[in-house]
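Source file input_15.cif; content: mmCIF, C-alpha atoms and all ligand atoms.
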data_run
loop_
_atom_site.label_atom_id
_atom_site.label_comp_id
_atom_site.auth_asym_id
_atom_site.auth_seq_id
_atom_site.Cartn_x
_atom_site.Cartn_y
_atom_site.Cartn_z
CA MET A 1 0.00 0.00 0.00
CA LYS A 2 1.13 3.55 -0.66
CA ILE A 3 1.94 5.46 2.53
CA SER A 4 -0.05 8.42 1.16
CA GLU A 5 -3.13 6.17 1.45
CA LEU A 6 -2.31 5.37 5.10
CA PHE A 7 -2.43 9.09 5.93
CA LYS A 8 -5.97 9.20 4.54
CA GLN A 9 -7.03 6.23 6.68
CA LYS A 10 -5.39 6.89 10.05
CA ARG A 11 -5.13 9.86 12.35
CA THR A 12 -1.58 8.98 13.46
CA VAL A 13 0.47 6.64 11.25
CA VAL A 14 3.12 4.60 13.10
CA SER A 15 6.34 3.32 11.55
CA LEU A 16 9.51 1.53 12.63
CA GLU A 17 12.95 1.87 11.07
CA ILE A 18 15.46 -0.93 10.62
CA PHE A 19 18.94 -0.82 9.13
CA PRO A 20 20.54 -3.58 7.02
CA PRO A 21 23.58 -5.47 8.28
CA LYS A 22 27.02 -3.93 7.84
CA GLN A 23 28.33 -7.39 6.93
CA ASP A 24 26.47 -10.09 5.02
CA THR A 25 27.22 -12.56 7.84
CA ASP A 26 24.81 -10.58 10.05
CA PHE A 27 21.98 -10.78 7.53
CA ASP A 28 20.03 -13.47 9.39
CA SER A 29 20.14 -11.64 12.73
CA VAL A 30 18.80 -8.47 11.06
CA LEU A 31 16.06 -10.51 9.40
CA HIS A 32 15.19 -11.91 12.81
CA ALA A 33 14.94 -8.38 14.24
CA ALA A 34 12.81 -7.40 11.23
CA ASP A 35 10.44 -10.28 12.00
CA GLU A 36 10.13 -9.28 15.65
CA LEU A 37 9.46 -5.67 14.70
CA SER A 38 6.89 -6.77 12.10
CA ALA A 39 5.04 -8.66 14.84
CA LEU A 40 4.36 -5.28 16.51
CA ARG A 41 2.17 -4.48 13.47
CA PRO A 42 3.35 -0.97 12.62
CA ASP A 43 1.56 0.73 9.72
CA TYR A 44 4.80 0.48 7.74
CA MET A 45 8.50 -0.22 8.24
CA SER A 46 11.39 1.61 6.65
CA VAL A 47 14.73 0.09 5.67
CA THR A 48 17.74 2.40 5.54
CA TYR A 49 20.25 2.50 2.70
CA GLY A 50 24.00 2.51 3.34
CA ALA A 51 25.34 5.23 1.10
CA GLY A 52 27.94 3.63 -1.12
CA GLY A 53 28.44 0.69 1.25
CA GLY A 54 27.95 -3.03 0.99
CA THR A 55 24.67 -2.76 2.85
CA SER A 56 22.83 -1.08 -0.03
CA ARG A 57 21.99 -4.28 -1.87
CA ASN A 58 20.37 -5.69 1.27
CA THR A 59 17.87 -2.83 1.48
CA VAL A 60 15.82 -4.26 -1.38
CA ALA A 61 16.01 -7.80 0.02
CA ILE A 62 14.85 -6.76 3.52
CA ALA A 63 12.08 -4.48 2.19
CA ARG A 64 10.86 -7.35 -0.02
CA HIS A 65 10.92 -9.76 2.95
CA LEU A 66 8.92 -7.35 5.13
CA GLN A 67 6.26 -6.90 2.51
CA GLN A 68 6.02 -10.30 0.85
CA ASP A 69 6.68 -12.61 3.83
CA ASN A 70 5.44 -10.50 6.77
CA GLY A 71 2.69 -8.49 5.09
CA VAL A 72 4.07 -5.14 6.36
CA THR A 73 4.12 -2.18 3.96
CA ALA A 74 7.76 -1.34 3.26
CA LEU A 75 9.45 2.02 2.71
CA ALA A 76 12.88 1.60 1.10
CA HIS A 77 15.41 4.38 1.67
CA LEU A 78 17.56 5.32 -1.34
CA THR A 79 20.51 7.73 -1.50
CA CYS A 80 22.26 9.24 -4.52
CA ALA A 81 25.33 11.10 -3.17
CA SER A 82 27.78 8.41 -4.19
CA SER A 83 25.89 6.39 -6.80
CA THR A 84 25.84 6.53 -10.57
CA ARG A 85 22.60 7.12 -12.45
CA GLU A 86 22.71 3.45 -13.57
CA GLU A 87 23.00 2.24 -9.95
CA VAL A 88 20.06 4.42 -8.90
CA SER A 89 17.96 3.20 -11.85
CA GLY A 90 18.84 -0.41 -11.06
CA ILE A 91 17.65 -0.09 -7.45
CA VAL A 92 14.43 1.75 -8.39
CA ASP A 93 13.62 -0.92 -10.96
CA ALA A 94 14.39 -3.72 -8.46
CA LEU A 95 12.06 -2.09 -5.92
CA GLY A 96 9.29 -1.77 -8.48
CA ALA A 97 9.73 -5.40 -9.54
CA SER A 98 9.47 -6.46 -5.86
CA GLY A 99 6.18 -4.63 -5.41
CA ILE A 100 7.70 -1.92 -3.18
CA GLU A 101 5.63 1.23 -3.77
CA ASN A 102 7.29 3.58 -1.26
CA ILE A 103 10.75 5.16 -1.46
CA LEU A 104 12.41 7.62 0.96
CA ALA A 105 14.52 9.66 -1.46
CA LEU A 106 17.70 11.02 0.15
CA ARG A 107 20.85 12.70 -0.98
CA GLY A 108 22.97 10.85 1.57
CA ASP A 109 26.19 12.17 3.05
CA ARG A 110 28.84 13.07 0.51
CA ALA A 111 31.87 10.77 0.62
CA PRO A 112 35.21 12.50 -0.07
CA GLY A 113 36.43 11.72 -3.59
CA LYS A 114 33.17 10.07 -4.69
CA GLU A 115 30.94 11.88 -7.14
CA GLY A 116 27.25 11.08 -7.14
CA CYS A 117 24.89 11.51 -10.09
CA PHE A 118 22.73 14.07 -8.30
CA ASN A 119 23.57 16.99 -6.02
CA TYR A 120 20.34 17.07 -4.04
CA ALA A 121 17.49 14.76 -3.07
CA SER A 122 15.08 16.83 -5.19
CA GLU A 123 16.89 15.63 -8.34
CA LEU A 124 16.60 12.02 -7.16
CA ILE A 125 12.88 12.52 -6.59
CA GLU A 126 12.44 13.74 -10.18
CA GLU A 127 14.38 10.68 -11.43
CA ILE A 128 12.22 8.27 -9.38
CA ARG A 129 9.07 9.94 -10.73
CA ARG A 130 10.34 9.27 -14.27
CA HIS A 131 10.64 5.56 -13.39
CA GLY A 132 7.15 4.87 -12.17
CA ASP A 133 4.24 5.50 -9.88
CA PHE A 134 5.94 5.48 -6.46
CA CYS A 135 4.88 7.20 -3.25
CA ILE A 136 7.96 9.27 -2.38
CA GLY A 137 9.05 10.59 1.02
CA GLY A 138 11.84 13.01 1.89
CA ALA A 139 13.90 13.88 4.97
CA CYS A 140 13.54 17.12 6.91
CA TYR A 141 15.37 18.71 9.82
CA PRO A 142 13.47 20.57 12.56
CA GLU A 143 16.77 22.00 13.89
CA GLY A 144 18.06 22.73 10.38
CA HIS A 145 20.28 20.52 8.21
CA ILE A 146 23.83 20.54 9.52
CA GLU A 147 25.29 21.86 6.22
CA CYS A 148 22.91 24.80 5.92
CA GLY A 149 23.70 27.76 8.15
CA ASN A 150 20.33 29.45 7.72
CA LYS A 151 17.08 27.73 8.75
CA GLU A 152 14.94 29.90 6.46
CA THR A 153 17.08 28.95 3.48
CA ASP A 154 16.95 25.30 4.53
CA ILE A 155 13.13 25.47 4.53
CA ASP A 156 13.18 27.15 1.10
CA HIS A 157 15.21 24.17 -0.16
CA LEU A 158 12.74 21.85 1.54
CA LYS A 159 9.85 23.57 -0.22
CA ALA A 160 11.58 23.04 -3.58
CA LYS A 161 12.12 19.39 -2.65
CA VAL A 162 8.45 18.89 -1.80
CA GLU A 163 7.45 20.59 -5.07
CA SER A 164 9.71 18.21 -6.99
CA GLY A 165 7.31 15.43 -5.99
CA CYS A 166 7.46 14.56 -2.28
CA ASP A 167 4.31 12.99 -0.81
CA PHE A 168 5.39 13.17 2.86
CA LEU A 169 8.37 14.04 5.07
CA ILE A 170 10.09 12.26 7.95
CA THR A 171 12.03 14.34 10.45
CA GLN A 172 15.48 13.89 11.83
CA MET A 173 15.33 12.86 15.49
CA PHE A 174 14.59 15.62 17.99
CA PHE A 175 14.22 15.54 21.77
CA ASP A 176 12.15 18.64 22.42
CA ASN A 177 8.65 18.62 20.94
CA ASN A 178 8.52 22.41 20.91
CA VAL A 179 11.30 22.32 18.30
CA LEU A 180 8.97 20.30 16.06
CA TYR A 181 5.94 22.53 16.68
CA ASN A 182 8.01 25.59 15.81
CA PHE A 183 9.22 23.85 12.62
CA LEU A 184 5.67 22.84 11.62
CA TYR A 185 4.58 26.45 12.04
CA ARG A 186 7.37 27.59 9.72
CA LEU A 187 6.46 24.93 7.13
CA ALA A 188 2.80 25.99 7.19
CA SER A 189 3.78 29.64 6.76
CA LYS A 190 5.75 28.66 3.62
CA GLY A 191 2.81 26.67 2.25
CA ILE A 192 4.37 23.22 2.77
CA GLY A 193 1.32 21.05 3.37
CA VAL A 194 2.45 17.40 3.04
CA PRO A 195 2.19 15.15 6.15
CA VAL A 196 5.21 15.40 8.45
CA VAL A 197 6.21 12.29 10.40
CA ALA A 198 8.05 12.84 13.71
CA GLY A 199 11.27 10.83 14.13
CA ILE A 200 11.72 9.53 17.68
CA MET A 201 14.98 8.01 18.89
CA PRO A 202 15.03 6.22 22.26
CA ILE A 203 18.59 6.63 23.51
CA THR A 204 19.98 3.54 25.16
CA SER A 205 23.64 4.39 25.54
CA ALA A 206 25.43 7.57 26.56
CA ALA A 207 28.15 6.96 23.94
CA SER A 208 25.67 6.56 21.09
CA ILE A 209 23.82 9.78 21.87
CA LYS A 210 27.06 11.80 21.80
CA ARG A 211 27.96 10.32 18.40
CA VAL A 212 24.47 10.68 16.96
CA THR A 213 23.84 14.25 18.11
CA SER A 214 27.25 15.42 16.89
CA LEU A 215 26.54 13.89 13.47
CA CYS A 216 23.05 15.28 12.99
CA GLY A 217 23.12 18.43 15.16
CA ALA A 218 20.08 17.52 17.31
CA VAL A 219 20.16 19.35 20.66
CA LEU A 220 19.53 17.55 23.96
CA PRO A 221 17.24 19.58 26.25
CA PRO A 222 18.22 19.86 29.94
CA LYS A 223 15.59 17.27 30.93
CA HIS A 224 17.19 14.64 28.68
CA ARG A 225 20.70 15.67 29.64
CA ALA A 226 19.83 15.13 33.33
CA ILE A 227 18.75 11.57 32.49
CA LEU A 228 22.07 10.90 30.77
CA ASP A 229 24.09 12.48 33.56
CA ARG A 230 22.32 10.48 36.22
CA PHE A 231 21.87 7.11 34.50
CA GLY A 232 24.58 7.16 31.79
CA ASP A 233 26.62 4.50 33.59
CA ASN A 234 23.63 2.30 34.41
CA PRO A 235 22.40 0.70 31.15
CA ALA A 236 19.24 -0.84 32.65
CA ALA A 237 18.15 2.44 34.26
CA LEU A 238 19.06 4.45 31.15
CA ARG A 239 17.02 2.06 29.00
CA GLN A 240 13.97 2.50 31.24
CA ALA A 241 14.33 6.28 31.40
CA SER A 242 14.81 6.56 27.61
CA ILE A 243 11.73 4.47 26.90
CA ALA A 244 9.69 6.62 29.31
CA TYR A 245 11.06 9.79 27.66
CA ALA A 246 10.17 8.54 24.16
CA VAL A 247 6.68 7.53 25.32
CA GLU A 248 6.11 10.98 26.84
CA GLN A 249 7.21 12.62 23.58
CA ILE A 250 4.89 10.39 21.53
CA VAL A 251 1.84 10.96 23.76
CA ASP A 252 2.30 14.73 23.47
CA LEU A 253 2.84 14.57 19.68
CA ALA A 254 -0.24 12.41 19.15
CA ALA A 255 -2.34 14.65 21.41
CA ASN A 256 -1.27 17.64 19.32
CA GLY A 257 -2.27 16.02 16.03
CA VAL A 258 1.11 15.11 14.52
CA ARG A 259 0.37 12.92 11.47
CA GLY A 260 2.98 10.21 12.00
CA ILE A 261 5.41 8.73 14.53
CA HIS A 262 8.56 7.06 13.21
CA ILE A 263 10.65 5.14 15.75
CA TYR A 264 14.37 4.79 15.06
CA THR A 265 14.57 1.28 16.54
CA MET A 266 18.35 0.79 16.14
CA ASN A 267 17.36 -2.84 15.36
CA LYS A 268 16.32 -3.38 19.01
CA PRO A 269 12.85 -4.97 18.96
CA ASP A 270 12.55 -5.12 22.77
CA ILE A 271 12.78 -1.33 23.07
CA ALA A 272 10.32 -0.74 20.21
CA GLN A 273 8.01 -3.29 21.83
CA SER A 274 8.02 -1.50 25.20
CA ILE A 275 7.23 1.81 23.52
CA MET A 276 4.52 0.38 21.25
CA HIS A 277 2.80 -1.40 24.16
CA SER A 278 2.76 1.80 26.21
CA VAL A 279 0.99 3.77 23.45
CA SER A 280 -1.09 1.01 21.84
CA GLU A 281 -4.46 2.64 22.56
CA ILE A 282 -3.18 6.16 21.90
CA LEU A 283 -1.97 5.25 18.41
CA ARG A 284 -4.69 2.73 17.52
P1 LIG B 1 18.79 17.32 0.60
O1 LIG B 1 17.33 17.49 0.73
O2 LIG B 1 19.36 17.28 -0.78
O3 LIG B 1 19.49 18.52 1.41
C1 LIG B 1 20.89 18.47 1.72
C2 LIG B 1 21.42 19.87 1.97
O4 LIG B 1 21.44 20.59 0.73
C3 LIG B 1 20.60 20.72 2.92
O5 LIG B 1 21.50 21.48 3.69
C4 LIG B 1 19.75 21.60 2.02
O6 LIG B 1 19.42 22.85 2.63
C5 LIG B 1 20.70 21.79 0.85
N1 LIG B 1 20.02 21.98 -0.45
C6 LIG B 1 18.98 21.27 -0.92
N2 LIG B 1 18.65 21.69 -2.15
C7 LIG B 1 19.53 22.69 -2.48
C8 LIG B 1 19.71 23.52 -3.62
N3 LIG B 1 18.93 23.42 -4.70
N4 LIG B 1 20.73 24.43 -3.60
C9 LIG B 1 21.56 24.54 -2.51
N5 LIG B 1 21.41 23.77 -1.39
C10 LIG B 1 20.41 22.85 -1.38
N6 LIG B 1 21.45 8.68 5.08
C11 LIG B 1 21.84 7.51 4.49
O7 LIG B 1 22.97 7.42 4.02
N7 LIG B 1 20.99 6.43 4.41
C12 LIG B 1 19.71 6.47 4.91
O8 LIG B 1 18.97 5.49 4.82
C13 LIG B 1 19.27 7.68 5.55
N8 LIG B 1 18.01 7.79 6.04
C14 LIG B 1 17.60 8.98 6.60
C15 LIG B 1 16.28 9.09 7.06
C16 LIG B 1 15.84 10.28 7.63
C17 LIG B 1 14.39 10.38 8.12
C18 LIG B 1 16.71 11.38 7.76
C19 LIG B 1 16.24 12.67 8.40
C20 LIG B 1 18.02 11.29 7.28
C21 LIG B 1 18.48 10.11 6.69
N9 LIG B 1 19.77 9.98 6.18
C22 LIG B 1 20.18 8.80 5.61
C23 LIG B 1 20.74 11.10 6.30
C24 LIG B 1 20.73 12.02 5.03
O9 LIG B 1 21.16 11.29 3.92
C25 LIG B 1 21.67 13.19 5.32
O10 LIG B 1 21.14 14.02 6.32
C26 LIG B 1 22.08 14.03 4.11
O11 LIG B 1 23.15 14.89 4.50
C27 LIG B 1 20.99 14.94 3.53
O12 LIG B 1 20.07 14.21 2.83
P2 LIG B 1 18.71 14.93 2.29
O13 LIG B 1 18.00 13.93 1.49
O14 LIG B 1 18.00 15.58 3.40
O15 LIG B 1 19.37 16.06 1.34
#
Re-express the file's structure as structure tokens.
Ligand code: FAD
Amino acid sequence: MKISELFKQKRTVVSLEIFPPKQDTDFDSVLHAADELSALRPDYMSVTYGAGGGTSRNTVAIARHLQQDNGVTALAHLTCASSTREEVSGIVDALGASGIENILALRGDRAPGKEGCFNYASELIEEIRRHGDFCIGGACYPEGHIECGNKETDIDHLKAKVESGCDFLITQMFFDNNVLYNFLYRLASKGIGVPVVAGIMPITSAASIKRVTSLCGAVLPPKHRAILDRFGDNPAALRQASIAYAVEQIVDLAANGVRGIHIYTMNKPDIAQSIMHSVSEILR
């Protein structure tokens, strides 16, 4: 099913993200995690795409497995920053042949010394549109994309991306809902009207949050920082506190009418399960 149809049917659409294995030897364990996440019956699951890495070929295989074997609508990520036009075409055609109707079109991070066929995700979106009738999503950044120094300019670029053929947007992770509400207000004032899905990342290790926030520029509010300071060296307590924090974010987002919740699961079904159980009635 196209994700654009899900937005017509449900008040709050729920999705889970999984990433393919870094090495082929881990393929079965990722498939196992995919099966456990599928059992939580999200509205759709997304499969990330390793820009230029060996994991890219597994994106199609995992998306196909989710949809054909588990009956879960799949959203395949696709990047273009370090791929040739032929590689991009090959993946889009393979997705179409596998019955995958949804693609998250991304530029990806530029690798030094590697030229991609497109400069921006908007060009990839136009290319996918030329290939067939896909439902296409794009990424957006409530705190601004790390490369763009001016948030207004970043939103102007986002508007151009949506106009190139984006059906919906998924946000980068954020830890303060007011940051999202402020962003949504700015999008509305620029006439960007596609559904925006809120990306929620439950943090389960102090080291990972430092790495992740420095890569994407997301800011930790004092409330979250206090959790890390207090429980950073106690994994079981940090896990519990992070799940509670994510649940609180989701309840507030759903109560304020956000159209979708996307959980960055980090391939940890037990954490996604705890969150999903806590909000099962809220997101029904
Ligand atoms: P774009 O929309 O092209 O924007 C990139 C930058 O270029 C921005 O700063 C923007 O302001 C600027 N820009 C856009 N258009 C123009 C223009 N015409 N002129 C000048 N500047 C312009 N990465 C992966 O490798 N694999 C994944 O699976 C993956 N999944 C992701 C999922 C989500 C929900 C998110 C939020 C990110 C994901 N990423 C992934 C990371 C993403 O690839 C990087 O953030 C990347 O740096 C930007 O990709 P984009 O599609 O947002 O780029």
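Using all atoms listed in the file, the protein and nucleic acid residues lying no more than 7 Å from range 77-84 of chain A, apart from those fewer than 5 places from it along its own chain, are A:Ser46, A:Val47, A:Thr48, A:Tyr49, A:Ala51, A:Gly52, A:Ile103, A:Leu104, A:Ala105, A:Leu106, A:Arg107, A:Gly108, A:Asp109, A:Arg110, A:Ala111, A:Lys114, A:Glu115, A:Gly116, A:Cys117, A:Phe118, A:Asn119, A:Leu124.
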For range 127-222 of chain A versus range 262-280 of chain A, which residues have an atom no more than 10 Å away, and what is each residue's nearest atom pair and distance in Å rounded to one decimal, using all atoms listed in the file, chain-then-number order, as CSV?
residue,atom,partner,partner_atom,distance
A:Ile170,CA,A:His262,CA,7.6
A:Thr171,CA,A:His262,CA,8.5
A:Gln172,CA,A:Tyr264,CA,9.7
A:Met173,CA,A:Tyr264,CA,8.1
A:Val197,CA,A:His262,CA,6.4
A:Ala198,CA,A:His262,CA,5.8
A:Gly199,CA,A:His262,CA,4.7
A:Ile200,CA,A:Ile263,CA,4.9
A:Met201,CA,A:Tyr264,CA,5.0
A:Pro202,CA,A:Tyr264,CA,7.4
A:Ile203,CA,A:Met266,CA,9.4
A:Thr204,CA,A:Ile271,CA,8.9
Record the distance separating CA of Thr25 in chain A and CA of Ala61 in chain A, expressed in Å with one decimal.
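According to the coordinates, CA of Thr25 in chain A and CA of Ala61 in chain A are separated by 14.5 Å.
Compared by their closest atoms to ligand LIG 1 (chain B), and using all atoms listed in the file, the residues A:Cys148, A:Val92, A:Ala218, A:Ile209 rank with A:Cys148 nearest.
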Show me, as a PyMOL selection string, the residues that have an atom within 9 Å of Arg64 in chain A when counting all atoms listed in the file, minus same-chain residues fewer than 2 positions from it.
chain A and resi 59-62+66-69+74+95+98-100
The residue from A:Ser56, A:His131, A:Gly90, A:Arg41 with the smallest atom-to-atom distance to Phe19 in chain A, counting all atoms listed in the file, is A:Ser56
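Distances from A:Lys2, A:Lys151, A:Arg129, A:Arg57 to ligand LIG 1 (chain B) were compared using all atoms listed in the file, and the smallest one belongs to A:Lys151.
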Between CA of Ser214 in chain A and CA of Asp26 in chain A, what is the spacing in Å?
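For CA of Asp26 in chain A relative to CA of Ser214 in chain A, the distance reads 27.0 Å.
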Tell me which of A:Ser122, A:Ser15, A:Ser205, A:Ser4 sits closest to Ile261 in chain A, counting all atoms listed in the file.
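Ranked by minimum distance to Ile261 in chain A, first place goes to A:Ser15.
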Between A:Lys190, A:Arg130, A:Arg259, A:Arg11, which one has atoms that come closest to Ser164 in chain A, using only C-alpha atoms?
A:Arg130
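Remark: for ligand LIG 1 (chain B), the closest of the candidate residues A:Arg85, A:Lys159, A:Arg239, A:Lys22 is A:Lys159 (distances computed over only C-alpha atoms and all ligand atoms).
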Tell me, in Å to one decimal, how far CA of Ala237 in chain A is from CA of Asp252 in chain A.
22.8 Å
If the box runs along x, y and z of the file and leaves 6 Å on each side of range 128-146 of chain A, what are its centre and edge lengths in Å, one decimal, as lines of an AutoDock Vina configuration file?
center_x = 14.0
center_y = 13.8
center_z = -0.2
size_x = 31.6
size_y = 29.9
size_z = 40.2
Mind rebuilding range 177-187 of chain A with all heavy atoms and writing that out as a CSV table (one decimal), in the frame of the given file?
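Output file selection.csv is given in full below:
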chain,number,residue,atom,x,y,z
A,177,ASN,N,9.8,18.5,21.9
A,177,ASN,CA,8.6,18.6,20.9
A,177,ASN,C,8.4,20.0,20.5
A,177,ASN,O,7.9,20.3,19.4
A,177,ASN,CB,7.4,18.0,21.6
A,177,ASN,CG,7.4,16.5,21.7
A,177,ASN,OD1,8.4,15.9,21.2
A,177,ASN,ND2,6.4,15.9,22.2
A,178,ASN,N,8.8,21.0,21.3
A,178,ASN,CA,8.5,22.4,20.9
A,178,ASN,C,9.3,22.8,19.7
A,178,ASN,O,8.9,23.6,18.9
A,178,ASN,CB,8.9,23.4,22.1
A,178,ASN,CG,7.8,23.3,23.1
A,178,ASN,OD1,6.6,23.1,22.8
A,178,ASN,ND2,8.2,23.4,24.4
A,179,VAL,N,10.5,22.1,19.5
A,179,VAL,CA,11.3,22.3,18.3
A,179,VAL,C,10.5,21.9,17.1
A,179,VAL,O,10.5,22.6,16.0
A,179,VAL,CB,12.6,21.5,18.4
A,179,VAL,CG1,13.3,21.5,17.1
A,179,VAL,CG2,13.5,22.1,19.5
A,180,LEU,N,9.8,20.8,17.2
A,180,LEU,CA,9.0,20.3,16.1
A,180,LEU,C,7.8,21.2,15.8
A,180,LEU,O,7.5,21.6,14.7
A,180,LEU,CB,8.4,18.9,16.3
A,180,LEU,CG,7.6,18.4,15.1
A,180,LEU,CD1,8.6,17.9,14.0
A,180,LEU,CD2,6.6,17.3,15.4
A,181,TYR,N,7.1,21.7,16.9
A,181,TYR,CA,5.9,22.5,16.7
A,181,TYR,C,6.4,23.8,16.0
A,181,TYR,O,5.7,24.3,15.1
A,181,TYR,CB,5.2,22.8,18.0
A,181,TYR,CG,4.7,21.5,18.7
A,181,TYR,CD1,4.8,21.3,20.1
A,181,TYR,CD2,4.2,20.5,17.9
A,181,TYR,CE1,4.4,20.2,20.7
A,181,TYR,CE2,3.8,19.3,18.5
A,181,TYR,CZ,3.9,19.1,19.9
A,181,TYR,OH,3.5,18.0,20.5
A,182,ASN,N,7.5,24.4,16.4
A,182,ASN,CA,8.0,25.6,15.8
A,182,ASN,C,8.3,25.4,14.3
A,182,ASN,O,8.0,26.2,13.5
A,182,ASN,CB,9.3,25.9,16.6
A,182,ASN,CG,9.9,27.2,16.1
A,182,ASN,OD1,10.5,27.3,15.0
A,182,ASN,ND2,9.8,28.3,16.9
A,183,PHE,N,8.9,24.2,14.0
A,183,PHE,CA,9.2,23.8,12.6
A,183,PHE,C,7.9,23.7,11.8
A,183,PHE,O,7.9,24.2,10.7
A,183,PHE,CB,10.0,22.5,12.7
A,183,PHE,CG,10.4,22.0,11.3
A,183,PHE,CD1,11.3,22.7,10.5
A,183,PHE,CD2,10.0,20.7,10.9
A,183,PHE,CE1,11.7,22.1,9.3
A,183,PHE,CE2,10.4,20.2,9.7
A,183,PHE,CZ,11.3,20.9,8.9
A,184,LEU,N,6.9,23.0,12.4
A,184,LEU,CA,5.7,22.8,11.6
A,184,LEU,C,5.0,24.2,11.3
A,184,LEU,O,4.4,24.4,10.2
A,184,LEU,CB,4.7,21.9,12.4
A,184,LEU,CG,5.1,20.5,12.6
A,184,LEU,CD1,4.1,19.7,13.4
A,184,LEU,CD2,5.4,19.8,11.2
A,185,TYR,N,5.1,25.1,12.2
A,185,TYR,CA,4.6,26.4,12.0
A,185,TYR,C,5.3,27.1,10.9
A,185,TYR,O,4.7,27.7,10.0
A,185,TYR,CB,4.8,27.3,13.3
A,185,TYR,CG,4.3,28.7,13.2
A,185,TYR,CD1,2.9,29.0,13.3
A,185,TYR,CD2,5.2,29.7,13.0
A,185,TYR,CE1,2.5,30.3,13.2
A,185,TYR,CE2,4.7,31.0,12.9
A,185,TYR,CZ,3.4,31.3,13.0
A,185,TYR,OH,2.9,32.6,12.8
A,186,ARG,N,6.6,27.0,10.8
A,186,ARG,CA,7.4,27.6,9.7
A,186,ARG,C,7.0,27.0,8.4
A,186,ARG,O,6.9,27.6,7.4
A,186,ARG,CB,8.9,27.4,9.9
A,186,ARG,CG,9.4,28.3,11.0
A,186,ARG,CD,10.8,27.8,11.4
A,186,ARG,NE,11.4,28.7,12.4
A,186,ARG,CZ,12.6,29.3,12.2
A,186,ARG,NH1,13.2,29.2,11.0
A,186,ARG,NH2,13.1,30.1,13.1
A,187,LEU,N,6.8,25.6,8.4
A,187,LEU,CA,6.5,24.9,7.1
A,187,LEU,C,5.1,25.4,6.6
A,187,LEU,O,4.9,25.7,5.5
A,187,LEU,CB,6.4,23.4,7.3
A,187,LEU,CG,7.7,22.7,7.7
A,187,LEU,CD1,7.5,21.2,7.5
A,187,LEU,CD2,8.9,23.2,7.0
